[in-house]
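This report refers to the structure that appears directly beneath it.
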Amino acid sequence: MRVTNLSTFYMIQKQIQAGSKRLMDAQEKVATQQRINRMSDNPIDAGKLLSVRDAIGQTEQFQRNVQNALDLTKGYDSSLQGAIDTISRAKELMLAQASNLSTSPQTREAARVEMVSLLQQMVTAANTTSLGGRYIYAGFADNDPTFRGAYTTTTADPANTGGATATGEAVVDPVQFTGDAYRIEFTGAATFDVYDVTRGAYVSQGNAYTSGQEIRFDGISITLTDGATGPAAGDRFNVASAEAGQYAGDDGEVKLELAQGKRLTTNLTGDAVFQGVGVQDGVDVFSLLNRAIDALRDNNGTEMQSLLDGFDKALNQMSNFRAVVGTRQNQFQTIDSRLADVKTALQTTQSDLRDVDIADAMSDLSQQELAYEASLGAASRVIMPTLLDYLK
């Protein structure tokens, strides 16, 4: 059977193109050091490789979750240790003032000033934030401080006939702050008294009023400003004070998925830790410290003595929560170690499916180069020019 020159040309062209493709594939494998560069290279192994990649990505997400959980435990451990130190110092002060016969109003006042500082330290510990700026004891409401410091609010009595309004209020001196309720009573358009409702006594009387000027008493600053008219005789402004330690968070339980189908609680809520909510024999630490401050201010030795048991319970409460944090930290570290092993195994499987043996790949490349060169050489000898080529 006669084979035409055109058929021969097409057959040789096809063989050269096939050799060129094999050479390009060999070059790509050497360049990428991967034997699967597209699904068509090996559909079965490519499918397996995609599954392994997904598993690695999921494992890495679990590792990030575990790292976040471990970072939280560090924040909890540090803040709880600070809280324990604060309570221990407060107990020392209370024990010394309650049982030492040499104490006096002066020593108790000095102790009260330090106790106020300890209360502020406790608020700081309870408002600890994570690396992302979230308040770690606030549950789901972690954008705002977990516990409020001392604050005050001023409202005009509904029976007022004058035009003055409250335009500013603040606690400016925590040491002098009492947490009492007060009443500003206008005895005339330009004079007022300040009455301590809680204690049933006047703080000051016959004060001169100037619109927009601060009114300061017991660590509180109140600003009243005239409206269309000034205050009238008989007008009253009620001042409510709140001691430090008002909980602004919620009881949200934050859980992270640290393994497939395994979600673990990672947070502690401030109402439980610092207020004893849901805790057997729970203690509200802020209430305890505020009571201690009041007892020292009032020189009340009996109240001081009665608070000592509360400090012991508070220390036990904080220590128990710190033990919970330690247990979680160990658990998270174990999970983190196991995830690292899982990731290593998956990466090994990925390498087995994807990576080439570079020595074999180089050898194959050399073979394909020789084969391609041989094909070109053979083609040049088979397709020889004829007389007809010169007669065209």
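Within each chain, counting starts at residue 1; across the structure tokens, chains are named A, B, ... in the order shown, with ligands numbered 1 upward in that order.
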Neighbouring residues of region 245-261 of chain A were defined as those with any atom within 10 Å, considering only C-alpha atoms; residues of the same chain fewer than 2 positions away were excluded. Please report them as an mmCIF file with C-alpha atoms, in the first residue's frame.
data_model
loop_
_atom_site.group_PDB
_atom_site.id
_atom_site.type_symbol
_atom_site.label_atom_id
_atom_site.label_comp_id
_atom_site.auth_asym_id
_atom_site.auth_seq_id
_atom_site.Cartn_x
_atom_site.Cartn_y
_atom_site.Cartn_z
ATOM 1 C CA GLN A 58 -9.500 23.037 58.708
ATOM 2 C CA THR A 59 -6.728 21.888 61.032
ATOM 3 C CA GLN A 61 -8.265 26.990 61.660
ATOM 4 C CA PHE A 62 -8.549 24.752 64.718
ATOM 5 C CA GLN A 63 -4.974 25.695 65.611
ATOM 6 C CA ARG A 64 -5.832 29.400 65.366
ATOM 7 C CA ASN A 65 -8.858 28.820 67.601
ATOM 8 C CA VAL A 66 -6.709 26.987 70.133
ATOM 9 C CA GLN A 67 -4.151 29.802 70.082
ATOM 10 C CA ASN A 68 -6.926 32.317 70.750
ATOM 11 C CA ALA A 69 -8.119 30.167 73.636
ATOM 12 C CA LEU A 119 -10.946 48.851 94.676
ATOM 13 C CA GLN A 120 -9.771 50.683 91.579
ATOM 14 C CA MET A 122 -9.920 45.371 91.162
ATOM 15 C CA VAL A 123 -11.966 47.254 88.555
ATOM 16 C CA ALA A 126 -12.030 42.864 85.970
ATOM 17 C CA TYR A 135 -13.225 42.651 77.456
ATOM 18 C CA ILE A 136 -12.597 39.045 78.433
ATOM 19 C CA TYR A 137 -15.003 38.891 81.400
ATOM 20 C CA ALA A 138 -17.991 40.517 79.633
ATOM 21 C CA GLY A 139 -19.508 37.458 77.932
ATOM 22 C CA PHE A 140 -20.993 38.423 74.571
ATOM 23 C CA ALA A 141 -21.141 42.137 75.499
ATOM 24 C CA ASP A 142 -17.377 42.467 75.163
ATOM 25 C CA ASN A 143 -17.176 45.807 73.360
ATOM 26 C CA ASP A 144 -17.640 47.877 76.525
ATOM 27 C CA PRO A 145 -15.963 47.729 79.957
ATOM 28 C CA THR A 146 -17.175 44.778 81.999
ATOM 29 C CA PHE A 147 -17.511 46.711 85.263
ATOM 30 C CA ARG A 148 -18.217 50.378 85.762
ATOM 31 C CA GLY A 149 -16.245 52.544 88.126
ATOM 32 C CA ALA A 150 -17.998 54.827 90.566
ATOM 33 C CA TYR A 151 -20.447 57.164 88.856
ATOM 34 C CA ALA A 242 -23.280 54.164 92.380
ATOM 35 C CA GLU A 243 -20.201 52.563 93.876
ATOM 36 C CA ARG A 263 -16.759 22.978 70.940
ATOM 37 C CA LEU A 264 -15.277 23.996 74.288
ATOM 38 C CA THR A 265 -16.038 26.929 76.582
ATOM 39 C CA THR A 266 -13.154 29.391 76.588
ATOM 40 C CA ASN A 267 -14.402 32.344 78.639
ATOM 41 C CA LEU A 268 -15.230 33.278 82.220
ATOM 42 C CA THR A 269 -17.929 35.829 83.023
ATOM 43 C CA GLY A 270 -17.378 38.671 85.453
ATOM 44 C CA ASP A 271 -20.645 38.151 87.324
ATOM 45 C CA ALA A 272 -19.462 34.679 88.336
ATOM 46 C CA PHE A 274 -16.158 38.849 90.760
ATOM 47 C CA GLN A 275 -19.728 38.728 92.053
ATOM 48 C CA VAL A 277 -23.198 34.531 90.731
ATOM 49 C CA ASP A 284 -19.384 39.909 95.475
ATOM 50 C CA VAL A 285 -15.827 41.199 95.701
ATOM 51 C CA PHE A 286 -16.773 44.755 94.803
ATOM 52 C CA SER A 287 -19.492 44.878 97.431
ATOM 53 C CA LEU A 289 -14.434 46.165 99.195
ATOM 54 C CA ASN A 290 -17.037 48.937 99.249
ATOM 55 C CA PHE A 332 -5.840 23.484 75.165
ATOM 56 C CA ILE A 335 -5.257 19.754 71.817
ATOM 57 C CA ASP A 336 -2.710 22.086 70.204
ATOM 58 C CA ARG A 338 -2.404 16.809 68.828
ATOM 59 C CA LEU A 339 -3.416 19.212 66.039
#
Practice task
Pick out each residue of region 80-283 of chain A that DSSP on the backbone tags as alpha helix (DSSP H); I need them as a PyMOL selection string.
Solution key: chain A and resi 80-99+105-126+270-273
Exercise for the section: For Glu185 (chain A), please output as a PyMOL selection string all residues within 6 Å (counting only C-alpha atoms; exclusion window: fewer than 6 positions along the same chain). Expected result: chain A and resi 192-193+236
Can you check which residues of region 231-288 of chain A DSSP gives as strand (DSSP E or B) on the backbone and send them as a JSON list (two decimals) with C-alpha atoms, in the first residue's frame?
[["chain", "number", "residue", "atom", "x", "y", "z"],
["A", 236, "ARG", "CA", -34.41, 70.33, 94.00],
["A", 237, "PHE", "CA", -31.95, 68.15, 92.11],
["A", 238, "ASN", "CA", -31.58, 64.52, 93.16],
["A", 239, "VAL", "CA", -28.08, 63.06, 92.94],
["A", 240, "ALA", "CA", -27.79, 59.26, 92.84],
["A", 241, "SER", "CA", -24.38, 57.66, 93.26],
["A", 242, "ALA", "CA", -23.28, 54.16, 92.38],
["A", 246, "GLN", "CA", -21.66, 47.55, 88.58],
["A", 247, "TYR", "CA", -21.65, 44.65, 86.08],
["A", 255, "LYS", "CA", -17.30, 28.49, 72.75],
["A", 256, "LEU", "CA", -14.71, 27.76, 70.08],
["A", 257, "GLU", "CA", -14.50, 24.69, 67.87],
["A", 258, "LEU", "CA", -11.12, 23.22, 68.69],
["A", 259, "ALA", "CA", -11.62, 19.93, 66.88],
["A", 262, "LYS", "CA", -15.82, 19.55, 69.59],
["A", 263, "ARG", "CA", -16.76, 22.98, 70.94],
["A", 264, "LEU", "CA", -15.28, 24.00, 74.29],
["A", 265, "THR", "CA", -16.04, 26.93, 76.58]]
Problem - Distance in Å - CA of Arg183 (chain A) versus CA of Gly227 (chain A) - result: 20.0 Å
Exercise for the section: Find, counting only C-alpha atoms, the residue in A:Met318, A:Val197, A:Leu80, A:Ala159 that gets nearest to Val283 (chain A). Expected result: A:Met318
Handout entry: Selection near Pro231 (chain A), 8 Å with only C-alpha atoms, sequence-local residues under 4 positions removed, as a ChimeraX atom specification
Key = /A:161-164,186,188-190,226,235
Output N, CA and C atoms for every residue in the selection just made, as a CSV table (one decimal), in the first residue's frame.
chain,number,residue,atom,x,y,z
A,161,THR,N,-39.9,74.6,89.5
A,161,THR,CA,-40.5,75.7,88.7
A,161,THR,C,-39.5,76.5,88.0
A,162,GLY,N,-38.2,76.4,88.3
A,162,GLY,CA,-37.2,77.2,87.6
A,162,GLY,C,-36.7,76.5,86.4
A,163,GLY,N,-35.8,77.2,85.7
A,163,GLY,CA,-35.3,76.7,84.4
A,163,GLY,C,-33.9,76.1,84.4
A,164,ALA,N,-33.4,75.9,85.5
A,164,ALA,CA,-32.0,75.3,85.6
A,164,ALA,C,-32.1,73.8,85.3
A,186,PHE,N,-32.5,74.3,96.6
A,186,PHE,CA,-32.3,75.7,96.4
A,186,PHE,C,-33.2,76.5,97.4
A,188,GLY,N,-33.1,79.7,97.5
A,188,GLY,CA,-33.4,81.0,96.8
A,188,GLY,C,-32.8,80.8,95.4
A,189,ALA,N,-33.0,81.9,94.6
A,189,ALA,CA,-32.6,81.8,93.2
A,189,ALA,C,-31.1,81.7,93.1
A,190,ALA,N,-30.3,82.1,94.1
A,190,ALA,CA,-28.9,82.1,94.1
A,190,ALA,C,-28.2,81.4,95.2
A,226,ASP,N,-28.4,77.5,83.9
A,226,ASP,CA,-29.7,78.2,83.7
A,226,ASP,C,-30.2,77.9,82.3
A,235,ASP,N,-36.6,74.6,94.4
A,235,ASP,CA,-36.2,73.6,93.4
A,235,ASP,C,-35.2,72.6,94.0
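Picture a line from CA of Leu70 (chain A) to CA of Ala345 (chain A); it runs 23.4 Å.
If only C-alpha atoms are the atoms counted, then among A:Gln331, A:Gln205, A:Gln305, A:Thr165 the closest residue to Thr223 (chain A) is A:Thr165.
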Exercise for the section: Find the spatial neighbours of region 301-304 of chain A, counting only C-alpha atoms, within a cut-off of 8 Å - ignore same-chain residues fewer than 4 positions away - and output them as a list in words. Expected result: Met94, Leu95, Gln97, Ala98, Ala292, Ala295, Leu296 and Leu308 of chain A
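Atom pair CA of Ala340 (chain A) / CA of Arg134 (chain A) has a distance of 27.5 Å (rounded to one decimal).
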Practice task
Find the residues around Ser88 (chain A) up to 9 Å (only C-alpha atoms counted), leave out those fewer than 4 positions away in its own chain, and share them as JSON, numbers by chain.
Solution key: {"A": [83, 84, 92, 93, 311, 312, 315]}
